[in-house]
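Containing PDB, C-alpha atoms and all ligand atoms: query.pdb.
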ATOM      1  CA  MET X1346     -60.651  88.623  78.860
ATOM      2  CA  THR X1347     -59.139  85.673  80.683
ATOM      3  CA  GLY X1348     -58.259  82.503  78.822
ATOM      4  CA  LYS X1349     -61.327  80.740  80.119
ATOM      5  CA  ARG X1350     -63.648  83.538  79.094
ATOM      6  CA  ILE X1351     -62.127  83.733  75.651
ATOM      7  CA  GLU X1352     -62.628  80.009  75.283
ATOM      8  CA  ALA X1353     -66.270  80.306  76.392
ATOM      9  CA  PHE X1354     -66.791  83.169  73.981
ATOM     10  CA  ARG X1355     -65.275  81.192  71.135
ATOM     11  CA  ARG X1356     -67.492  78.255  71.894
ATOM     12  CA  ARG X1357     -70.583  80.425  71.921
ATOM     13  CA  ALA X1358     -69.610  82.006  68.627
ATOM     14  CA  SER X1359     -69.118  78.639  66.992
ATOM     15  CA  ASP X1360     -72.459  77.439  68.402
ATOM     16  CA  VAL X1361     -74.129  80.378  66.746
ATOM     17  CA  LEU X1362     -72.286  79.889  63.486
ATOM     18  CA  ALA X1363     -72.592  76.115  63.264
ATOM     19  CA  PRO X1364     -76.068  75.990  61.738
ATOM     20  CA  MET X1365     -75.064  78.650  59.206
ATOM     21  CA  ARG X1366     -72.131  76.773  57.788
ATOM     22  CA  PHE X1367     -73.838  75.646  54.631
ATOM     23  CA  ARG X1368     -72.761  75.792  51.071
ATOM     24  CA  CYS X1369     -75.130  76.031  48.131
ATOM     25  CA  LEU X1370     -75.639  72.557  46.676
ATOM     26  CA  GLY X1371     -75.661  74.098  43.216
ATOM     27  CA  CYS X1372     -72.701  76.491  43.072
ATOM     28  CA  GLY X1373     -70.858  76.027  46.379
ATOM     29  CA  ALA X1374     -71.341  79.640  47.537
ATOM     30  CA  ASP X1375     -71.917  80.233  51.257
ATOM     31  CA  VAL X1376     -75.568  80.340  52.174
ATOM     32  CA  PHE X1377     -76.668  81.861  55.438
ATOM     33  CA  ASP X1378     -79.641  79.675  56.183
ATOM     34  CA  ASP X1379     -80.282  75.958  56.216
ATOM     35  CA  THR X1380     -82.052  75.672  52.864
ATOM     36  CA  GLY X1381     -78.888  74.553  51.096
ATOM     37  CA  PHE X1382     -79.455  76.745  48.050
ATOM     38  CA  CYS X1383     -78.473  80.283  47.127
ATOM     39  CA  PRO X1384     -81.258  82.514  45.733
ATOM     40  CA  ARG X1385     -80.109  81.919  42.163
ATOM     41  CA  CYS X1386     -79.739  78.128  42.348
ATOM     42  CA  VAL X1387     -82.976  77.558  44.246
ATOM     43  CA  GLN X1388     -84.776  78.529  41.055
ATOM     44  CA  ARG X1389     -83.262  75.493  39.355
ATOM     45  CA  VAL X1390     -84.562  73.064  41.967
ATOM     46  CA  THR X1391     -87.667  70.987  41.315
ATOM     47  CA  PHE X1392     -89.343  70.503  44.666
ATOM     48  CA  ASN X1393     -91.644  67.514  44.783
ATOM     49  CA  ASN X1394     -94.416  69.537  46.353
ATOM     50  CA  GLY X1395     -97.229  69.218  43.846
ATOM     51  CA  LYS X1396     -99.435  66.227  43.223
ATOM     52  CA  THR X1397     -97.757  62.897  44.044
ATOM     53  CA  CYS X1398     -98.557  59.180  43.840
ATOM     54  CA  LYS X1399    -100.441  58.161  46.975
ATOM     55  CA  ARG X1400     -98.177  55.188  47.482
ATOM     56  CA  CYS X1401     -94.671  55.857  46.175
ATOM     57  CA  GLY X1402     -94.695  59.658  46.256
ATOM     58  CA  VAL X1403     -93.467  60.406  42.724
ATOM     59  CA  ALA X1404     -94.643  63.637  41.129
ATOM     60  CA  LEU X1405     -97.722  63.136  38.953
ATOM     61  CA  ASP X1406     -99.146  65.342  36.239
ATOM     62  CA  GLY X1407    -102.443  63.663  35.439
ATOM     63  CA  GLU X1408    -105.719  62.953  37.190
ATOM     64  CA  GLU X1409    -104.699  59.586  38.626
ATOM     65  CA  ASP X1410    -104.027  58.994  42.315
ATOM     66  CA  TYR X1411    -101.362  56.374  41.622
ATOM     67  CA  CYS X1412     -98.435  56.186  39.223
ATOM     68  CA  GLY X1413     -98.170  53.439  36.597
ATOM     69  CA  ASN X1414     -95.887  51.344  38.793
ATOM     70  CA  CYS X1415     -98.088  51.400  41.857
ATOM     71  CA  ALA X1416    -101.344  50.977  39.932
ATOM     72  CA  PHE X1417    -100.229  47.697  38.357
ATOM     73  CA  GLU X1418     -97.361  46.271  40.357
ATOM     74  CA  LYS X1419     -96.978  45.003  43.884
ATOM     75  CA  THR X1420     -94.871  47.129  46.149
ATOM     76  CA  TYR X1421     -93.497  45.826  49.420
ATOM     77  CA  PHE X1422     -93.093  49.250  50.977
ATOM     78  CA  ASP X1423     -96.236  50.843  52.354
ATOM     79  CA  ARG X1424     -95.473  54.404  51.488
ATOM     80  CA  ALA X1425     -92.576  56.435  50.064
ATOM     81  CA  TYR X1426     -91.805  60.133  50.092
ATOM     82  CA  SER X1427     -89.160  62.336  48.534
ATOM     83  CA  PRO X1428     -88.725  66.094  48.851
ATOM     84  CA  PHE X1429     -87.176  66.574  45.397
ATOM     85  CA  VAL X1430     -87.639  65.485  41.812
ATOM     86  CA  TYR X1431     -84.545  63.780  40.437
ATOM     87  CA  ASP X1432     -83.360  66.199  37.791
ATOM     88  CA  GLY X1433     -80.895  69.007  37.065
ATOM     89  CA  LEU X1434     -79.237  70.518  40.101
ATOM     90  CA  ILE X1435     -80.534  67.933  42.572
ATOM     91  CA  ARG X1436     -79.361  65.060  40.423
ATOM     92  CA  GLN X1437     -75.886  66.600  40.272
ATOM     93  CA  ALA X1438     -75.820  67.272  44.023
ATOM     94  CA  ILE X1439     -76.739  63.632  44.683
ATOM     95  CA  LEU X1440     -74.077  62.389  42.280
ATOM     96  CA  ASP X1441     -71.565  64.674  44.053
ATOM     97  CA  MET X1442     -72.623  63.208  47.393
ATOM     98  CA  LYS X1443     -72.090  59.719  45.998
ATOM     99  CA  PHE X1444     -69.036  59.968  43.820
ATOM    100  CA  ASN X1445     -67.257  63.263  44.479
ATOM    101  CA  ASN X1446     -66.745  62.943  48.197
ATOM    102  CA  LEU X1447     -69.303  65.627  48.978
ATOM    103  CA  GLY X1448     -70.747  63.747  51.924
ATOM    104  CA  ALA X1449     -71.572  67.153  53.430
ATOM    105  CA  ASN X1450     -74.499  67.351  51.024
ATOM    106  CA  ALA X1451     -76.108  64.605  53.102
ATOM    107  CA  ARG X1452     -76.484  66.997  56.009
ATOM    108  CA  VAL X1453     -78.546  69.412  53.954
ATOM    109  CA  PHE X1454     -80.603  66.687  52.318
ATOM    110  CA  ALA X1455     -81.291  65.014  55.682
ATOM    111  CA  ARG X1456     -82.948  68.215  56.879
ATOM    112  CA  TYR X1457     -85.497  67.855  54.094
ATOM    113  CA  LEU X1458     -86.075  64.193  54.981
ATOM    114  CA  ALA X1459     -86.572  65.184  58.611
ATOM    115  CA  TYR X1460     -88.999  67.865  57.532
ATOM    116  CA  ILE X1461     -91.114  65.260  55.707
ATOM    117  CA  ALA X1462     -91.015  62.864  58.681
ATOM    118  CA  VAL X1463     -92.364  65.627  60.900
ATOM    119  CA  ARG X1464     -94.890  66.906  58.382
ATOM    120  CA  GLU X1465     -96.288  63.426  57.721
ATOM    121  CA  GLN X1466     -96.073  62.523  61.420
ATOM    122  CA  LEU X1467     -94.275  59.311  60.500
ATOM    123  CA  GLN X1468     -94.157  56.716  63.273
ATOM    124  CA  TYR X1469     -91.259  54.278  63.303
ATOM    125  CA  ASP X1470     -89.320  51.996  65.626
ATOM    126  CA  VAL X1471     -86.245  51.480  63.437
ATOM    127  CA  VAL X1472     -84.371  53.733  61.012
ATOM    128  CA  THR X1473     -82.381  51.877  58.390
ATOM    129  CA  TYR X1474     -80.859  52.510  54.969
ATOM    130  CA  ALA X1475     -80.215  50.865  51.608
ATOM    131  CA  PRO X1476     -76.905  48.988  51.857
ATOM    132  CA  MET X1477     -74.023  48.848  49.397
ATOM    133  CA  SER X1478     -72.114  45.694  48.531
ATOM    134  CA  ALA X1479     -68.897  45.159  50.495
ATOM    135  CA  LYS X1480     -66.934  45.644  47.281
ATOM    136  CA  SER X1481     -68.539  49.016  46.448
ATOM    137  CA  LEU X1482     -68.216  50.182  50.027
ATOM    138  CA  LYS X1483     -64.525  49.399  50.017
ATOM    139  CA  LYS X1484     -64.096  51.431  46.858
ATOM    140  CA  ARG X1485     -66.154  54.465  47.905
ATOM    141  CA  ARG X1486     -65.332  54.202  51.631
ATOM    142  CA  TYR X1487     -68.754  55.476  52.697
ATOM    143  CA  ASN X1488     -72.370  54.725  51.986
ATOM    144  CA  GLN X1489     -74.270  57.918  51.193
ATOM    145  CA  ALA X1490     -77.558  56.294  52.276
ATOM    146  CA  ARG X1491     -76.048  55.578  55.675
ATOM    147  CA  LEU X1492     -74.763  59.162  55.902
ATOM    148  CA  LEU X1493     -78.284  60.402  55.200
ATOM    149  CA  ALA X1494     -79.721  58.069  57.851
ATOM    150  CA  GLU X1495     -77.121  59.179  60.419
ATOM    151  CA  GLU X1496     -77.761  62.863  59.760
ATOM    152  CA  PHE X1497     -81.517  62.276  59.802
ATOM    153  CA  CYS X1498     -81.316  60.564  63.201
ATOM    154  CA  ALA X1499     -79.032  63.274  64.573
ATOM    155  CA  ILE X1500     -81.443  66.035  63.526
ATOM    156  CA  LEU X1501     -84.434  64.324  65.114
ATOM    157  CA  ASP X1502     -82.512  62.994  68.116
ATOM    158  CA  LYS X1503     -83.283  59.400  67.122
ATOM    159  CA  ASP X1504     -79.752  57.971  67.077
ATOM    160  CA  ALA X1505     -80.867  55.003  69.140
ATOM    161  CA  LEU X1506     -83.158  53.857  66.327
ATOM    162  CA  LEU X1507     -80.489  53.574  63.631
ATOM    163  CA  ALA X1508     -79.878  49.939  62.669
ATOM    164  CA  ASP X1509     -78.203  47.908  59.924
ATOM    165  CA  THR X1510     -80.881  45.523  58.759
ATOM    166  CA  VAL X1511     -80.250  44.624  55.125
ATOM    167  CA  VAL X1512     -77.077  43.453  53.394
ATOM    168  CA  LYS X1513     -76.283  43.690  49.710
ATOM    169  CA  ILE X1514     -74.685  40.404  48.835
ATOM    170  CA  ARG X1515     -73.509  41.024  45.333
ATOM    171  CA  ASP X1516     -72.463  43.876  43.114
ATOM    172  CA  THR X1517     -74.971  44.941  40.510
ATOM    173  CA  ALA X1518     -74.710  47.143  37.435
ATOM    174  CA  PRO X1519     -75.410  50.832  38.239
ATOM    175  CA  GLN X1520     -79.194  51.235  38.170
ATOM    176  CA  GLU X1521     -79.114  54.523  36.314
ATOM    177  CA  GLN X1522     -77.734  52.922  33.173
ATOM    178  CA  LEU X1523     -80.507  50.341  32.890
ATOM    179  CA  SER X1524     -84.093  50.332  31.673
ATOM    180  CA  GLY X1525     -86.943  49.853  34.155
ATOM    181  CA  LYS X1526     -87.311  46.137  33.530
ATOM    182  CA  GLU X1527     -83.556  45.563  33.635
ATOM    183  CA  ARG X1528     -83.354  47.467  36.921
ATOM    184  CA  ARG X1529     -85.846  45.220  38.615
ATOM    185  CA  GLN X1530     -84.160  42.064  37.332
ATOM    186  CA  ASN X1531     -80.736  43.469  38.155
ATOM    187  CA  LEU X1532     -81.527  43.550  41.871
ATOM    188  CA  VAL X1533     -83.485  40.344  42.356
ATOM    189  CA  GLY X1534     -81.757  38.247  44.992
ATOM    190  CA  SER X1535     -79.103  40.902  45.670
ATOM    191  CA  TYR X1536     -80.222  41.651  49.214
ATOM    192  CA  ARG X1537     -80.588  39.574  52.315
ATOM    193  CA  PHE X1538     -81.485  40.182  55.916
ATOM    194  CA  ARG X1539     -78.601  40.986  58.235
ATOM    195  CA  GLN X1540     -78.001  38.257  60.743
ATOM    196  CA  GLY X1541     -78.869  39.362  64.247
ATOM    197  CA  ALA X1542     -81.042  42.299  63.128
ATOM    198  CA  ASP X1543     -84.578  42.424  64.471
ATOM    199  CA  VAL X1544     -87.538  44.072  62.784
ATOM    200  CA  LYS X1545     -90.296  41.719  63.925
ATOM    201  CA  GLY X1546     -93.511  43.647  64.395
ATOM    202  CA  LYS X1547     -91.606  46.920  63.973
ATOM    203  CA  ARG X1548     -92.300  49.945  61.819
ATOM    204  CA  VAL X1549     -89.226  50.560  59.701
ATOM    205  CA  LEU X1550     -88.134  53.793  58.089
ATOM    206  CA  LEU X1551     -85.905  53.060  55.108
ATOM    207  CA  ILE X1552     -83.615  55.820  53.806
ATOM    208  CA  ASP X1553     -81.933  56.019  50.418
ATOM    209  CA  ASP X1554     -80.669  58.737  48.097
ATOM    210  CA  VAL X1555     -82.691  58.226  44.915
ATOM    211  CA  LYS X1556     -85.750  56.332  43.851
ATOM    212  CA  THR X1557     -86.011  55.943  40.089
ATOM    213  CA  THR X1558     -88.053  52.816  39.396
ATOM    214  CA  GLY X1559     -88.206  52.129  43.110
ATOM    215  CA  ALA X1560     -86.521  48.754  42.586
ATOM    216  CA  THR X1561     -83.884  49.192  45.326
ATOM    217  CA  VAL X1562     -86.351  50.418  47.906
ATOM    218  CA  ASN X1563     -88.759  47.666  46.939
ATOM    219  CA  GLU X1564     -86.185  44.878  47.203
ATOM    220  CA  CYS X1565     -85.051  46.120  50.630
ATOM    221  CA  ALA X1566     -88.677  46.406  51.763
ATOM    222  CA  LYS X1567     -89.316  42.859  50.565
ATOM    223  CA  VAL X1568     -86.463  41.561  52.731
ATOM    224  CA  LEU X1569     -87.672  43.558  55.734
ATOM    225  CA  LYS X1570     -91.273  42.408  55.339
ATOM    226  CA  SER X1571     -90.253  38.788  54.957
ATOM    227  CA  HIS X1572     -88.506  39.104  58.308
ATOM    228  CA  GLY X1573     -91.576  40.390  60.044
ATOM    229  CA  ALA X1574     -91.486  44.186  59.625
ATOM    230  CA  ALA X1575     -94.977  45.510  60.366
ATOM    231  CA  GLU X1576     -94.555  48.482  58.043
ATOM    232  CA  VAL X1577     -91.893  49.894  55.754
ATOM    233  CA  VAL X1578     -91.918  53.569  54.816
ATOM    234  CA  ALA X1579     -89.217  54.814  52.476
ATOM    235  CA  LEU X1580     -87.691  58.294  52.480
ATOM    236  CA  THR X1581     -85.478  59.192  49.532
ATOM    237  CA  VAL X1582     -83.967  62.564  48.725
ATOM    238  CA  ALA X1583     -85.326  62.507  45.188
ATOM    239  CA  SER X1584     -87.541  60.435  42.962
ATOM    240  CA  ARG X1585     -87.940  60.436  39.234
ATOM    241  CA  LYS X1586     -90.921  62.241  37.833
ATOM    242  CA  GLU X1587     -93.641  60.029  36.421
ATOM    243  CA  HIS X1588     -93.756  60.093  32.601
ATOM    244  CA  ILE X1589     -90.095  60.975  32.225
ATOM    245  CA  ASP X1590     -88.441  58.229  30.269
ATOM    246  CA  PHE X1591     -84.979  58.035  31.708
ATOM    247  CA  GLU X1592     -84.083  55.376  29.204
ATOM    248  CA  ASN X1593     -84.124  57.938  26.420
ATOM    249  CA  LYS X1594     -83.250  60.987  28.413
ATOM    250  CA  GLU X1595     -80.072  59.825  30.089
TER
HETATM  251 ZN    ZN X1601     -75.928  78.509  44.232
HETATM  252 ZN    ZN X1602     -96.390  55.216  42.679
END

Could you take the file, read its structure, and then write that structure out as structure tokens?
Ligand SMILES: [Zn+2]
Ligand SMILES: [Zn+2]
Amino acid sequence: MTGKRIEAFRRRASDVLAPMRFRCLGCGADVFDDTGFCPRCVQRVTFNNGKTCKRCGVALDGEEDYCGNCAFEKTYFDRAYSPFVYDGLIRQAILDMKFNNLGANARVFARYLAYIAVREQLQYDVVTYAPMSAKSLKKRRYNQARLLAEEFCAILDKDALLADTVVKIRDTAPQEQLSGKERRQNLVGSYRFRQGADVKGKRVLLIDDVKTTGATVNECAKVLKSHGAAEVVALTVASRKEHIDFENKE
């Protein structure tokens, strides 16, 4: 083969292999499809595919249509979805994505977010993400929520819709270490609208990694709504299961 033909062949081979280059989110073994889990680890994943709250999308066990939060408290987002329940393997894979430099996990997770967007036929004019404070961003060097949003847009060919809209103006204690009430108070006044952004009359898709009490998503949605967003729908990789008391469990 001539040099050119070899090059063309190489390119074709890497095109074919590209979608298969996935590692299991649980054990790191190669997986040869885009599910992100090997056959053994997939059994340890809690998919959020049973009954869910009709507003915030958390897994529900009982007869109710809404979770305790949504039944009694005002939410600023219109709807939220998450493909996974925040526990076990998924929780670890999200923590790895955040703290252990495993940004590659975002690519796998974004496929699940894209799947939900297509399944639910979500309509949106802007794709945005939950911001980090400048101080945290400097320390971690990347925002996993932004990575998810970038990968999501790339998968669905919506790069033009990605926008920075919300800024986190101060550092807050890590949400996971706080009780529900503390989490909500922790974030009050921590976000503001990004100067020059425009969401007036627009439908906004807000992406984040985890929704536990929903406080982060709610605060961001509040900012977006107060600047004229017509609708805010949140997509998070995982959400806590209703009735699990993280305060005692974690
Ligand atoms: Zn595995
Ligand atoms: Zn709910």

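Each of X:Asp1432, X:Asp1379, X:Glu1587, X:Asp1406 was checked against ligand ZN 1602 (chain X) using all atoms listed in the file; the smallest atom-to-atom distance is that of X:Glu1587.
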
Subject >> Shortest interatomic distance to Ala1462 of chain X - which of X:Ala1579, X:Val1376, X:Ala1560, X:Val1512, counting all atoms listed in the file >> reply: X:Ala1579

Sort by chain and increasing residue number a table of all residues of chain X within 9 Å of ligand ZN 1601 (chain X), each with its closest pair of atoms and their distance in Å to one decimal, counting all atoms listed in the file, and write it as CSV.
residue,atom,partner,partner_atom,distance
X:Arg1368,CA,X:ZN1601,ZN,8.0
X:Cys1369,CA,X:ZN1601,ZN,4.7
X:Leu1370,CA,X:ZN1601,ZN,6.4
X:Gly1371,CA,X:ZN1601,ZN,4.5
X:Cys1372,CA,X:ZN1601,ZN,4.0
X:Gly1373,CA,X:ZN1601,ZN,6.0
X:Ala1374,CA,X:ZN1601,ZN,5.8
X:Asp1375,CA,X:ZN1601,ZN,8.3
X:Val1376,CA,X:ZN1601,ZN,8.2
X:Gly1381,CA,X:ZN1601,ZN,8.5
X:Phe1382,CA,X:ZN1601,ZN,5.5
X:Cys1383,CA,X:ZN1601,ZN,4.2
X:Pro1384,CA,X:ZN1601,ZN,6.8
X:Arg1385,CA,X:ZN1601,ZN,5.8
X:Cys1386,CA,X:ZN1601,ZN,4.3
X:Val1387,CA,X:ZN1601,ZN,7.1

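Residues with any atom within 6 Å of the point (-77.4, 61.2, 50.8), counting all atoms listed in the file, are Ala1451, Gln1489, Ala1490, Leu1493 and Asp1554 of chain X.
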
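For Arg1400 of chain X, the residues within 6 Å (counting all atoms listed in the file, excluding itself and residues fewer than 2 positions away along the chain) are Cys1398, Gly1402 and Arg1424 of chain X.
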
**OP:** Please extract the residues at most 8 Å from ligand ZN 1602 (chain X), counting all atoms listed in the file, and provide them as a list in words, using the chain letters and residue numbers of this document.
**Re:**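 Those within range of ligand ZN 1602 (chain X) are Thr1397, Cys1398, Lys1399, Arg1400, Cys1401, Gly1402, Val1403, Tyr1411, Cys1412, Gly1413, Asn1414, Cys1415 and Ala1416 of chain X.
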
**OP:** Please provide as a count of residues only all residues within 12 Å of Ile1500 of chain X, with the sequence filter that same-chain residues fewer than 5 positions apart are discarded (counting all atoms listed in the file).
**Re:** 16

Original post:
Any idea what the distance is between atom CA of Thr1420 of chain X and atom CA of Thr1581 of chain X?
Top reply: 15.7 Å

**OP:** Return as a list in words the set of residues that the PyMOL selection byres (((chain X and resi 1562) around 10) and not hetatm) yields on the displayed structure.
**Re:**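 Listing what the PyMOL selection byres (((chain X and resi 1562) around 10) and not hetatm) selects in the shown file: Thr1420, Tyr1421, Phe1422, Ala1425, Tyr1474, Ala1475, Leu1551, Ile1552, Asp1553, Val1555, Lys1556, Thr1557, Thr1558, Gly1559, Ala1560, Thr1561, Asn1563, Glu1564, Cys1565, Ala1566, Lys1567, Val1577, Val1578, Ala1579, Leu1580 and Thr1581 of chain X.
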
Hey, can you spit out that residue selection with C-alpha atoms as a PDB file, keeping the file's coordinate frame?
ATOM      1  CA  THR X1420     -94.871  47.129  46.149  1.00  0.00           C
ATOM      2  CA  TYR X1421     -93.497  45.826  49.420  1.00  0.00           C
ATOM      3  CA  PHE X1422     -93.093  49.250  50.977  1.00  0.00           C
ATOM      4  CA  ALA X1425     -92.576  56.435  50.064  1.00  0.00           C
ATOM      5  CA  TYR X1474     -80.859  52.510  54.969  1.00  0.00           C
ATOM      6  CA  ALA X1475     -80.215  50.865  51.608  1.00  0.00           C
ATOM      7  CA  LEU X1551     -85.905  53.060  55.108  1.00  0.00           C
ATOM      8  CA  ILE X1552     -83.615  55.820  53.806  1.00  0.00           C
ATOM      9  CA  ASP X1553     -81.933  56.019  50.418  1.00  0.00           C
ATOM     10  CA  VAL X1555     -82.691  58.226  44.915  1.00  0.00           C
ATOM     11  CA  LYS X1556     -85.750  56.332  43.851  1.00  0.00           C
ATOM     12  CA  THR X1557     -86.011  55.943  40.089  1.00  0.00           C
ATOM     13  CA  THR X1558     -88.053  52.816  39.396  1.00  0.00           C
ATOM     14  CA  GLY X1559     -88.206  52.129  43.110  1.00  0.00           C
ATOM     15  CA  ALA X1560     -86.521  48.754  42.586  1.00  0.00           C
ATOM     16  CA  THR X1561     -83.884  49.192  45.326  1.00  0.00           C
ATOM     17  CA  ASN X1563     -88.759  47.666  46.939  1.00  0.00           C
ATOM     18  CA  GLU X1564     -86.185  44.878  47.203  1.00  0.00           C
ATOM     19  CA  CYS X1565     -85.051  46.120  50.630  1.00  0.00           C
ATOM     20  CA  ALA X1566     -88.677  46.406  51.763  1.00  0.00           C
ATOM     21  CA  LYS X1567     -89.316  42.859  50.565  1.00  0.00           C
ATOM     22  CA  VAL X1577     -91.893  49.894  55.754  1.00  0.00           C
ATOM     23  CA  VAL X1578     -91.918  53.569  54.816  1.00  0.00           C
ATOM     24  CA  ALA X1579     -89.217  54.814  52.476  1.00  0.00           C
ATOM     25  CA  LEU X1580     -87.691  58.294  52.480  1.00  0.00           C
ATOM     26  CA  THR X1581     -85.478  59.192  49.532  1.00  0.00           C
TER      27      THR X1581
END

**OP:** Considering only C-alpha atoms, state which residue in the set X:Ser1571, X:Ser1535, X:Asn1488, X:Ser1584 is at the smallest distance from Ala1404 of chain X.
**Re:**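 Closest to Ala1404 of chain X, using only C-alpha atoms: X:Ser1584.
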
**OP:** Would you kindly translate the PyMOL selection byres (((chain X and resi 1503-1510) around 12) and not hetatm) into the concrete residues it picks from this file, as a ChimeraX atom specification?
**Re:** /X:1459,1462,1468-1477,1488,1490-1502,1511-1513,1536-1545,1547-1552,1565-1566,1568-1570,1572-1574

Keeping only C-alpha atoms, take the residues you just selected and write them out as a PDB file, in the frame of the given file.
ATOM      1  CA  ALA X1459     -86.572  65.184  58.611  1.00  0.00           C
ATOM      2  CA  ALA X1462     -91.015  62.864  58.681  1.00  0.00           C
ATOM      3  CA  GLN X1468     -94.157  56.716  63.273  1.00  0.00           C
ATOM      4  CA  TYR X1469     -91.259  54.278  63.303  1.00  0.00           C
ATOM      5  CA  ASP X1470     -89.320  51.996  65.626  1.00  0.00           C
ATOM      6  CA  VAL X1471     -86.245  51.480  63.437  1.00  0.00           C
ATOM      7  CA  VAL X1472     -84.371  53.733  61.012  1.00  0.00           C
ATOM      8  CA  THR X1473     -82.381  51.877  58.390  1.00  0.00           C
ATOM      9  CA  TYR X1474     -80.859  52.510  54.969  1.00  0.00           C
ATOM     10  CA  ALA X1475     -80.215  50.865  51.608  1.00  0.00           C
ATOM     11  CA  PRO X1476     -76.905  48.988  51.857  1.00  0.00           C
ATOM     12  CA  MET X1477     -74.023  48.848  49.397  1.00  0.00           C
ATOM     13  CA  ASN X1488     -72.370  54.725  51.986  1.00  0.00           C
ATOM     14  CA  ALA X1490     -77.558  56.294  52.276  1.00  0.00           C
ATOM     15  CA  ARG X1491     -76.048  55.578  55.675  1.00  0.00           C
ATOM     16  CA  LEU X1492     -74.763  59.162  55.902  1.00  0.00           C
ATOM     17  CA  LEU X1493     -78.284  60.402  55.200  1.00  0.00           C
ATOM     18  CA  ALA X1494     -79.721  58.069  57.851  1.00  0.00           C
ATOM     19  CA  GLU X1495     -77.121  59.179  60.419  1.00  0.00           C
ATOM     20  CA  GLU X1496     -77.761  62.863  59.760  1.00  0.00           C
ATOM     21  CA  PHE X1497     -81.517  62.276  59.802  1.00  0.00           C
ATOM     22  CA  CYS X1498     -81.316  60.564  63.201  1.00  0.00           C
ATOM     23  CA  ALA X1499     -79.032  63.274  64.573  1.00  0.00           C
ATOM     24  CA  ILE X1500     -81.443  66.035  63.526  1.00  0.00           C
ATOM     25  CA  LEU X1501     -84.434  64.324  65.114  1.00  0.00           C
ATOM     26  CA  ASP X1502     -82.512  62.994  68.116  1.00  0.00           C
ATOM     27  CA  VAL X1511     -80.250  44.624  55.125  1.00  0.00           C
ATOM     28  CA  VAL X1512     -77.077  43.453  53.394  1.00  0.00           C
ATOM     29  CA  LYS X1513     -76.283  43.690  49.710  1.00  0.00           C
ATOM     30  CA  TYR X1536     -80.222  41.651  49.214  1.00  0.00           C
ATOM     31  CA  ARG X1537     -80.588  39.574  52.315  1.00  0.00           C
ATOM     32  CA  PHE X1538     -81.485  40.182  55.916  1.00  0.00           C
ATOM     33  CA  ARG X1539     -78.601  40.986  58.235  1.00  0.00           C
ATOM     34  CA  GLN X1540     -78.001  38.257  60.743  1.00  0.00           C
ATOM     35  CA  GLY X1541     -78.869  39.362  64.247  1.00  0.00           C
ATOM     36  CA  ALA X1542     -81.042  42.299  63.128  1.00  0.00           C
ATOM     37  CA  ASP X1543     -84.578  42.424  64.471  1.00  0.00           C
ATOM     38  CA  VAL X1544     -87.538  44.072  62.784  1.00  0.00           C
ATOM     39  CA  LYS X1545     -90.296  41.719  63.925  1.00  0.00           C
ATOM     40  CA  LYS X1547     -91.606  46.920  63.973  1.00  0.00           C
ATOM     41  CA  ARG X1548     -92.300  49.945  61.819  1.00  0.00           C
ATOM     42  CA  VAL X1549     -89.226  50.560  59.701  1.00  0.00           C
ATOM     43  CA  LEU X1550     -88.134  53.793  58.089  1.00  0.00           C
ATOM     44  CA  LEU X1551     -85.905  53.060  55.108  1.00  0.00           C
ATOM     45  CA  ILE X1552     -83.615  55.820  53.806  1.00  0.00           C
ATOM     46  CA  CYS X1565     -85.051  46.120  50.630  1.00  0.00           C
ATOM     47  CA  ALA X1566     -88.677  46.406  51.763  1.00  0.00           C
ATOM     48  CA  VAL X1568     -86.463  41.561  52.731  1.00  0.00           C
ATOM     49  CA  LEU X1569     -87.672  43.558  55.734  1.00  0.00           C
ATOM     50  CA  LYS X1570     -91.273  42.408  55.339  1.00  0.00           C
ATOM     51  CA  HIS X1572     -88.506  39.104  58.308  1.00  0.00           C
ATOM     52  CA  GLY X1573     -91.576  40.390  60.044  1.00  0.00           C
ATOM     53  CA  ALA X1574     -91.486  44.186  59.625  1.00  0.00           C
TER      54      ALA X1574
END

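Taking atom CA of Leu1440 of chain X and atom CA of Thr1517 of chain X as the two end points, the separation is 17.6 Å.
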
**OP:** Compare X:Gly1546, X:Ile1461, X:Arg1486, X:Leu1405 by their minimum atom-to-atom distance to Asn1445 of chain X, counting only C-alpha atoms, and give me the closest one.
**Re:**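 When distances to Asn1445 of chain X are compared using only C-alpha atoms, the smallest one comes from X:Arg1486.
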
**OP:** Could you tell me which of X:Ala1575, X:Ala1518, X:Val1533, X:Ala1583 comes closest to Gly1433 of chain X if we count only C-alpha atoms?
**Re:**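 Of X:Ala1575, X:Ala1518, X:Val1533, X:Ala1583, the one nearest Gly1433 of chain X, counting only C-alpha atoms, is X:Ala1583.
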
Please determine an axis-aligned box that encloses all atoms of segment 1550-1568 of chain X listed in the file, with 8 Å added on each side, and express its centre and edge lengths in Å to one decimal as AutoDock Vina command-line options.
--center_x -85.0 --center_y 50.1 --center_z 48.7 --size_x 24.6 --size_y 33.2 --size_z 34.7
